[in-house]
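Worksheet for the structure shown next.
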Amino acid sequence: MNRNKLYTIAETWFQAQNWKPFKFQRDTWTAFLQGKHGLLNAPTGSGKTYALWFPVVLIYIKNNPDYQTKHKKGLKAIWITPLRALSNEIKQSAERITKDLGTQMTVGIRTGDTSTKERSQQKRNMPDLLITTPESLQLLLSSKGYEKVFKECSAIIVDEWHELLGTKRGVQMELGLSRLKTISKDLRIWGISATIGNLEQAREVLLGPETETLKNSVLIKAKLNKKITVKSIIPKEMETFPWRGHLGLKLLEDVVPIIDKSKTTLLFTNTRSQCEIWFQKILEKHPEYAGEFAMHHGSVNKETRVWVEQAIRNESLKAVVCTSSLDLGVDFAPVETVVQIGGPKGVARFLQRAGRSGHSPGKESVIHFLPTHAMELIEASAMQQAVKHEAVEDRIPYLNSFDVLLQYLTTLAVSDGFYPDEIYTEIKGTFCYQGISDAQWQWLLNFLVMGSQSLQSYDEYKKVDIEEDGKFKVNNRGVAMRHRFQIGTIVGDANITVKYQKGGYIGSIEEFFISKLTQGDVFTFAGRNLEFIRVKGMQAQVKNSTKRTNKVPSWMGGRLSFSAQMSELLRQELYTATLETSKQSIEIRSLAPMFKKQREESIVPKPNEFLIETFKTRDGYHHIFYPFEGRGVHEAMSSMLAYRISLLMPITCSLAYNDYGFELLSDKQIDIQHVLDNNLFSTEYMLSDLQKSLNSNEMARRKFRDIAVISGMVFTGYPNKGIKMKHLQSSSQLLFDVFKDFEADNLLYQQAYTETFEHQLEEGRLRMALERIAVQGIVWKQCTKATPFSFPIITDRLREKLSSEKLADRIKRMTAILMK
Amino acid sequence: MTEAIQIHNQNFKMHSSGVLFWEEQSMLLISDVHLGKVSHFRKFGAAVPQQAVQKNFTAMNDVIDYFHPKTVVFMGDLFHSSLNQEWKLFEIWIAAQSANIILVSGNHDIISPLKYEALGIEVIEELILNSFLLTHHPEERDGFFNFCGHIHPAIKLTGFGRQMVRLPCFYKSPKQLILPAFGEFTGTYTLEAKKDCEVFALLGDAVLPVTLTESKRKGRLPKR
């Protein structure tokens, strides 16, 4: 069958649905049928699934002209989704095509939710189209005889590639693809990504730099002009609007008219606890919403989530409070309005959320920004500029993640074993490991087999064996089993299932929260008030309670940093504070009372000014610096500056930072003039100072936790029984200490530092920020009390520490608090 | 290096490594060494640096050279796991000791007492000397002062400027002294200071009495 005939099949199907294929869909079909690889840049809900499922089915039709009567079994294509919650939707759209076109192709899902029975059925008889997650794909690679399974696979599609790209799941995907390239003879690799700053690089990472695959590939962009309107909710009384905080409940009543006016409204919060609180408070104040108001976040049980999603589609809900759990995937046509509560900390995410509303083509998306504290209004104003200029951030891919590589090699050793030379060639073709050296590779192999670099007496290290023909293989069943349980790169706090005593699953909460509860405590979860009874195994048993409570489980969420471009926009907005009101945005204008307060003791900096504030509270001496460069840069700069100061005098400080500036808090006063005279903001020796500062704080230590788990040095325990997370936490910390003392050249230990350095601290941006400070005039304000600008920073409890004092000297000034 | 205390008119020295020396008895108390832990982890595929194994033995040699005790009492959890290759190193180490060695057994001590006795080590549940009771688990018994281990105590110290540090410690209450864990790669459990207790923190090369203060108002935000 020739290509035109195939197109006709597709076009006919579209006509039957009363649709017309978009240009990007047609372009994708053509490229795919030409045997090309590629990256499709298309937003959620644009018909991207049909852009890629269609050619998969068409190729099958082409290769099997009698497709309607005969069924050729075996895996034809894999669809990777980062969220297993999305897999059902993807399956439905695939089945629509396979059925309507009269093929006998089967579609299957394989994720963590798939039953063991179904899994073993799949193993005997793979579906034609398999929908799975990066982790489950690795698990397939860990089963015996996997090569045969993938042999006839002609396509792998990685959906939401932007979500995976800057993470270790992305690295895991790169490795999986490097293997499939070899074992699947006629494989097309496709990615689908929302708009990010580095789309070209995203393609390179997916397909491998300088590979034939990359050369034979295309980047297709779906140009769907979508009008997005951002409206800020301006507090009516700025005088009493808080200077810090993250809940935003003060503006609750301003949300009500927005909800009333539109068919369905999604309220996005940044954390699950915030989501719980908003849900509770709205119902408390407006009981009339009961029944048409729901909540959706990742820890609510699956049935409830599915029900909520369905109810949105049926238009039976007026509003839903949710978290990023509704960022991706499924279309919700009835959603007319979106409210973002608090800063979304990223333009890409903001755009994605805005795009959840006004879904039909031609309709505009409306998103309301609800600030939770005064400074966020500046952000709101900058966000509008960012939307206008599409200033979307980059997702920075990992390099040389040895932990993920060790996990992958163990995976291969668990299944059929591997020959190092063959695998080395494959992984050198990936983006992540393009720069790996022969020495590093040998180090990793030694580590797998001996747990060290040379054979030592009295050692019983057991993991991977080398067989006579040089094959690396795991022969120990215990090792294999433990490894399979631990495949994955997401290291979270252990989750505990929350259940009613009489049975009935409610959801899951981090162990950290449960461990603080005692019997009889009441907490709010999934919109209910629950009384804690006991923990049994990995389950927390609860019962309903009528008691009121303010205990809400918190989940540790990642904190994102502003991109360079967004920080620039933020500064530009701030600088308008000194202009006449007619040149200001409505947000900046509304902040006039706060700026006035700020000017009482300090200044609102102009473009050529670098502001430093110092003051004392009963917490200690605060020294606050305002580069306005985004959290990541401030983290690095505070660490480096504290280190440089510590060279001038013995000092201990704790560091805090946000997107506007950073603080050094100490029990002693730092002489700022001394800091300036010694030129401590210099770019000279920046790298080495930054590196040295890492040795004296805890950042690398925290990074090491994930590395220890991913590389398999720390075992997280069997699901639903066994070792608790606390045990893991302490032992990865203990491990860090013994590496520091005995094996500081260990690549995994080193990786903790390079990762902090390269991935978190954004060295390039730090240099530019310092260069900018060098040409600014420094304004040092000695204040008598905290200023509005400093407030969100000094009240931050998550802090980094740095000290150059002798422990004994520090201890003399410290005390242990007596418990009564 | 050391800090002296008197209990029931007897003289004791707390050493920065976490051991306690009883002068009148020339007796060295060492708690929670957890030998074999590193090897145990390695046996199960967790690559803890092997050099950490040797550290325990050199550290034991150092304190024995320092005090020259007549008797060494291990206060439980001497060996972390079932038998592994580290036992051989332990045998070699024992052979070189001149002191009388006693093990007050703990929850981790699952190796048969016969194996210890074969090396000339006396294994007992508890040891009573005068008005002192030596156990692995903390115990309260009328008329006795209890020395024990098991907890791996640490203390959290705070200071002006939101400073915080956590250190392993000797934890003394009116009728009890809990020893810190001696072994490498063992971890700690943070205890809260209580009225009538004394805490001595380990700083690596020194033992320092910790100042205890009544808790002040905590966690309030500065005024706007």
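Naming works like this for the structure tokens: A, B, ... for the chains as they're shown, residue 1 at the start of each chain, ligands 1 onward in shown order.
Contacts from chain B to chain A at a cut-off of 6 Å (only C-alpha atoms) map to Arg42, Lys43, Gly45, Ala46, Ala47, Gln85, Leu157, Thr158, Gly159, Phe160, Gly161, Phe185, Ala193, Lys194, Thr211, Leu212, Thr213, Glu214 and Ser215 of chain B.
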All strand (DSSP E or B) positions in chain B, as a ChimeraX atom specification: /B:2-7,10-15,20-22,27-30,35,71-74,79,100-104,122-124,127-129,132-134,145-148,153-159,163-173,176-178,189-191,193-194,198-202,207-209,211-214
Separation of atom CA of A:Gln691 from atom CA of A:Leu766 in Å: 13.0 Å
Helix (DSSP H, G or I) residues, from DSSP on the backbone, in stretch 498-619 of chain A, as a ChimeraX atom specification: /A:511-514,564-578,581-583,586-590,592-601
Prev. selection, N, CA and C atoms, output as a JSON list (two decimals), in the first residue's frame:
```json
[["chain", "number", "residue", "atom", "x", "y", "z"],
["A", 511, "GLU", "N", 5.41, 9.37, 55.41],
["A", 511, "GLU", "CA", 5.63, 8.80, 56.73],
["A", 511, "GLU", "C", 5.99, 9.88, 57.75],
["A", 512, "PHE", "N", 6.73, 10.87, 57.27],
["A", 512, "PHE", "CA", 7.17, 11.97, 58.11],
["A", 512, "PHE", "C", 6.01, 12.60, 58.89],
["A", 513, "PHE", "N", 4.88, 12.78, 58.23],
["A", 513, "PHE", "CA", 3.73, 13.41, 58.88],
["A", 513, "PHE", "C", 3.10, 12.45, 59.89],
["A", 514, "ILE", "N", 2.91, 11.22, 59.47],
["A", 514, "ILE", "CA", 2.27, 10.23, 60.33],
["A", 514, "ILE", "C", 3.09, 10.02, 61.61],
["A", 564, "ALA", "N", 16.50, 32.75, 34.02],
["A", 564, "ALA", "CA", 17.21, 34.01, 33.85],
["A", 564, "ALA", "C", 16.27, 35.06, 33.26],
["A", 565, "GLN", "N", 15.52, 34.63, 32.27],
["A", 565, "GLN", "CA", 14.64, 35.56, 31.57],
["A", 565, "GLN", "C", 13.54, 36.08, 32.49],
["A", 566, "MET", "N", 12.98, 35.15, 33.27],
["A", 566, "MET", "CA", 11.92, 35.54, 34.19],
["A", 566, "MET", "C", 12.46, 36.48, 35.27],
["A", 567, "SER", "N", 13.67, 36.20, 35.74],
["A", 567, "SER", "CA", 14.26, 37.07, 36.76],
["A", 567, "SER", "C", 14.47, 38.47, 36.19],
["A", 568, "GLU", "N", 14.90, 38.52, 34.95],
["A", 568, "GLU", "CA", 15.09, 39.80, 34.27],
["A", 568, "GLU", "C", 13.75, 40.57, 34.22],
["A", 569, "LEU", "N", 12.69, 39.86, 33.84],
["A", 569, "LEU", "CA", 11.38, 40.49, 33.78],
["A", 569, "LEU", "C", 10.93, 40.97, 35.17],
["A", 570, "LEU", "N", 11.25, 40.16, 36.16],
["A", 570, "LEU", "CA", 10.90, 40.51, 37.54],
["A", 570, "LEU", "C", 11.60, 41.81, 37.96],
["A", 571, "ARG", "N", 12.88, 41.92, 37.63],
["A", 571, "ARG", "CA", 13.62, 43.13, 37.97],
["A", 571, "ARG", "C", 13.02, 44.34, 37.26],
["A", 572, "GLN", "N", 12.72, 44.14, 35.96],
["A", 572, "GLN", "CA", 12.15, 45.26, 35.19],
["A", 572, "GLN", "C", 10.86, 45.75, 35.85],
["A", 573, "GLU", "N", 10.03, 44.81, 36.30],
["A", 573, "GLU", "CA", 8.79, 45.19, 36.96],
["A", 573, "GLU", "C", 9.07, 45.97, 38.23],
["A", 574, "LEU", "N", 10.01, 45.46, 39.00],
["A", 574, "LEU", "CA", 10.32, 46.10, 40.28],
["A", 574, "LEU", "C", 10.81, 47.52, 40.06],
["A", 575, "TYR", "N", 11.64, 47.69, 39.04],
["A", 575, "TYR", "CA", 12.23, 49.01, 38.80],
["A", 575, "TYR", "C", 11.16, 50.03, 38.44],
["A", 576, "THR", "N", 10.01, 49.58, 37.97],
["A", 576, "THR", "CA", 8.96, 50.55, 37.65],
["A", 576, "THR", "C", 8.38, 51.17, 38.91],
["A", 577, "ALA", "N", 8.72, 50.62, 40.06],
["A", 577, "ALA", "CA", 8.20, 51.16, 41.32],
["A", 577, "ALA", "C", 8.63, 52.61, 41.52],
["A", 578, "THR", "N", 9.74, 52.98, 40.90],
["A", 578, "THR", "CA", 10.22, 54.34, 41.09],
["A", 578, "THR", "C", 9.69, 55.29, 40.00],
["A", 581, "THR", "N", 3.09, 56.85, 38.40],
["A", 581, "THR", "CA", 2.07, 55.79, 38.42],
["A", 581, "THR", "C", 1.51, 55.46, 37.03],
["A", 582, "SER", "N", 1.49, 56.43, 36.14],
["A", 582, "SER", "CA", 0.88, 56.15, 34.83],
["A", 582, "SER", "C", 1.72, 55.13, 34.05],
["A", 583, "LYS", "N", 3.00, 55.00, 34.41],
["A", 583, "LYS", "CA", 3.85, 54.05, 33.69],
["A", 583, "LYS", "C", 3.92, 52.70, 34.41],
["A", 586, "ILE", "N", -1.00, 47.77, 37.02],
["A", 586, "ILE", "CA", -1.98, 47.90, 38.10],
["A", 586, "ILE", "C", -1.47, 47.22, 39.37],
["A", 587, "GLU", "N", -0.73, 46.13, 39.19],
["A", 587, "GLU", "CA", -0.20, 45.41, 40.35],
["A", 587, "GLU", "C", 0.79, 46.27, 41.12],
["A", 588, "ILE", "N", 1.72, 46.87, 40.36],
["A", 588, "ILE", "CA", 2.75, 47.70, 41.01],
["A", 588, "ILE", "C", 2.09, 48.90, 41.68],
["A", 589, "ARG", "N", 1.10, 49.47, 41.00],
["A", 589, "ARG", "CA", 0.42, 50.62, 41.57],
["A", 589, "ARG", "C", -0.21, 50.25, 42.92],
["A", 590, "SER", "N", -0.82, 49.07, 42.94],
["A", 590, "SER", "CA", -1.51, 48.66, 44.17],
["A", 590, "SER", "C", -0.54, 48.44, 45.33],
["A", 592, "ALA", "N", 1.76, 50.40, 46.27],
["A", 592, "ALA", "CA", 2.27, 51.68, 46.78],
["A", 592, "ALA", "C", 2.43, 51.71, 48.30],
["A", 593, "PRO", "N", 1.42, 51.24, 49.07],
["A", 593, "PRO", "CA", 1.60, 51.29, 50.53],
["A", 593, "PRO", "C", 2.80, 50.47, 51.01],
["A", 594, "MET", "N", 3.05, 49.33, 50.35],
["A", 594, "MET", "CA", 4.18, 48.52, 50.77],
["A", 594, "MET", "C", 5.51, 49.21, 50.43],
["A", 595, "PHE", "N", 5.58, 49.78, 49.23],
["A", 595, "PHE", "CA", 6.80, 50.50, 48.85],
["A", 595, "PHE", "C", 7.06, 51.64, 49.82],
["A", 596, "LYS", "N", 5.97, 52.28, 50.25],
["A", 596, "LYS", "CA", 6.12, 53.40, 51.18],
["A", 596, "LYS", "C", 6.75, 52.90, 52.49],
["A", 597, "LYS", "N", 6.23, 51.80, 52.96],
["A", 597, "LYS", "CA", 6.75, 51.20, 54.19],
["A", 597, "LYS", "C", 8.23, 50.81, 54.01],
["A", 598, "GLN", "N", 8.54, 50.24, 52.85],
["A", 598, "GLN", "CA", 9.90, 49.83, 52.55],
["A", 598, "GLN", "C", 10.84, 51.03, 52.58],
["A", 599, "ARG", "N", 10.34, 52.16, 52.09],
["A", 599, "ARG", "CA", 11.20, 53.35, 52.02],
["A", 599, "ARG", "C", 11.39, 54.02, 53.37],
["A", 600, "GLU", "N", 10.57, 53.67, 54.35],
["A", 600, "GLU", "CA", 10.74, 54.29, 55.67],
["A", 600, "GLU", "C", 12.12, 53.99, 56.23],
["A", 601, "GLU", "N", 12.58, 52.77, 56.04],
["A", 601, "GLU", "CA", 13.87, 52.38, 56.63],
["A", 601, "GLU", "C", 14.92, 52.11, 55.57]]
```
Which residues come within 9 Å of A:Leu249, counting only C-alpha atoms, excluding same-chain residues fewer than 4 positions away, as a PDB file with C-alpha atoms, in the first residue's frame?
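Dumped everything to around_37.pdb:
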```pdb
ATOM      1  CA  GLU A 253     -13.939  35.942  49.022  1.00  0.00           C
ATOM      2  CA  ILE A 277      -6.878  23.886  53.325  1.00  0.00           C
ATOM      3  CA  TRP A 278      -8.473  25.790  50.480  1.00  0.00           C
ATOM      4  CA  LYS A 281     -12.116  26.804  53.954  1.00  0.00           C
ATOM      5  CA  THR A 372      -0.536  35.024  48.700  1.00  0.00           C
TER       6      THR A 372
END
```
All residues 10 Å or closer to stretch 625-631 of chain A, only C-alpha atoms, same chain fewer than 2 positions away omitted, as number ranges by chain: A: 345, 559-568, 570-571, 574, 605, 609-614, 622-623, 633-638, 656-664, 760-761, 765-766, 768-770, 772-773, 780, 789-790
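Comparing the minimum interatomic distances between A:Arg477 and each of A:Gln138, A:Gln519, A:Thr229, A:Ser415, counting only C-alpha atoms, we find that A:Ser415 sits nearest.
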Residues at most 6 Å from A:Pro371, counting only C-alpha atoms, excluding those fewer than 5 positions away in the same chain, as an mmCIF file with N, CA and C atoms, in the first residue's frame?
```
data_model
loop_
_atom_site.group_PDB
_atom_site.id
_atom_site.type_symbol
_atom_site.label_atom_id
_atom_site.label_comp_id
_atom_site.auth_asym_id
_atom_site.auth_seq_id
_atom_site.Cartn_x
_atom_site.Cartn_y
_atom_site.Cartn_z
ATOM 1 N N GLY A 342 -1.043 31.668 44.437
ATOM 2 C CA GLY A 342 0.387 31.752 44.745
ATOM 3 C C GLY A 342 1.210 31.656 43.480
ATOM 4 N N GLU A 376 4.395 38.908 45.820
ATOM 5 C CA GLU A 376 3.953 38.098 44.681
ATOM 6 C C GLU A 376 3.206 38.908 43.635
ATOM 7 N N LEU A 377 2.768 40.082 44.029
ATOM 8 C CA LEU A 377 2.105 40.921 43.036
ATOM 9 C C LEU A 377 3.100 41.379 41.971
#
```
Spatial neighbours of stretch 40-52 of chain A, max dist 9 Å, only C-alpha atoms, sep filter under 2 positions, as a PyMOL selection string: chain A and resi 21-22+24-29+32+38+54-56+90+93-94+97+157+159-160+190-195+199+218-224+328-332+352+355-356+359
Interatomic distance, atom CA of B:Gly187 to atom CA of B:His152 (Å, one decimal): 7.1 Å
Who sits within 12 Å of A:Val414, only C-alpha atoms, same chain under 6 positions skipped, as a VMD selection string: chain A and resid 138 to 146 407 to 408 463 to 465 471 to 484 487
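In this comparison, which uses only C-alpha atoms, the residue of B:Asn11, B:Ser17, B:Ser82, B:Gln6 approaching B:Ile30 most closely is B:Ser17.
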Computed interatomic separation between atom CA of A:Met173 and atom CA of A:Ser299 (Å): 25.2 Å
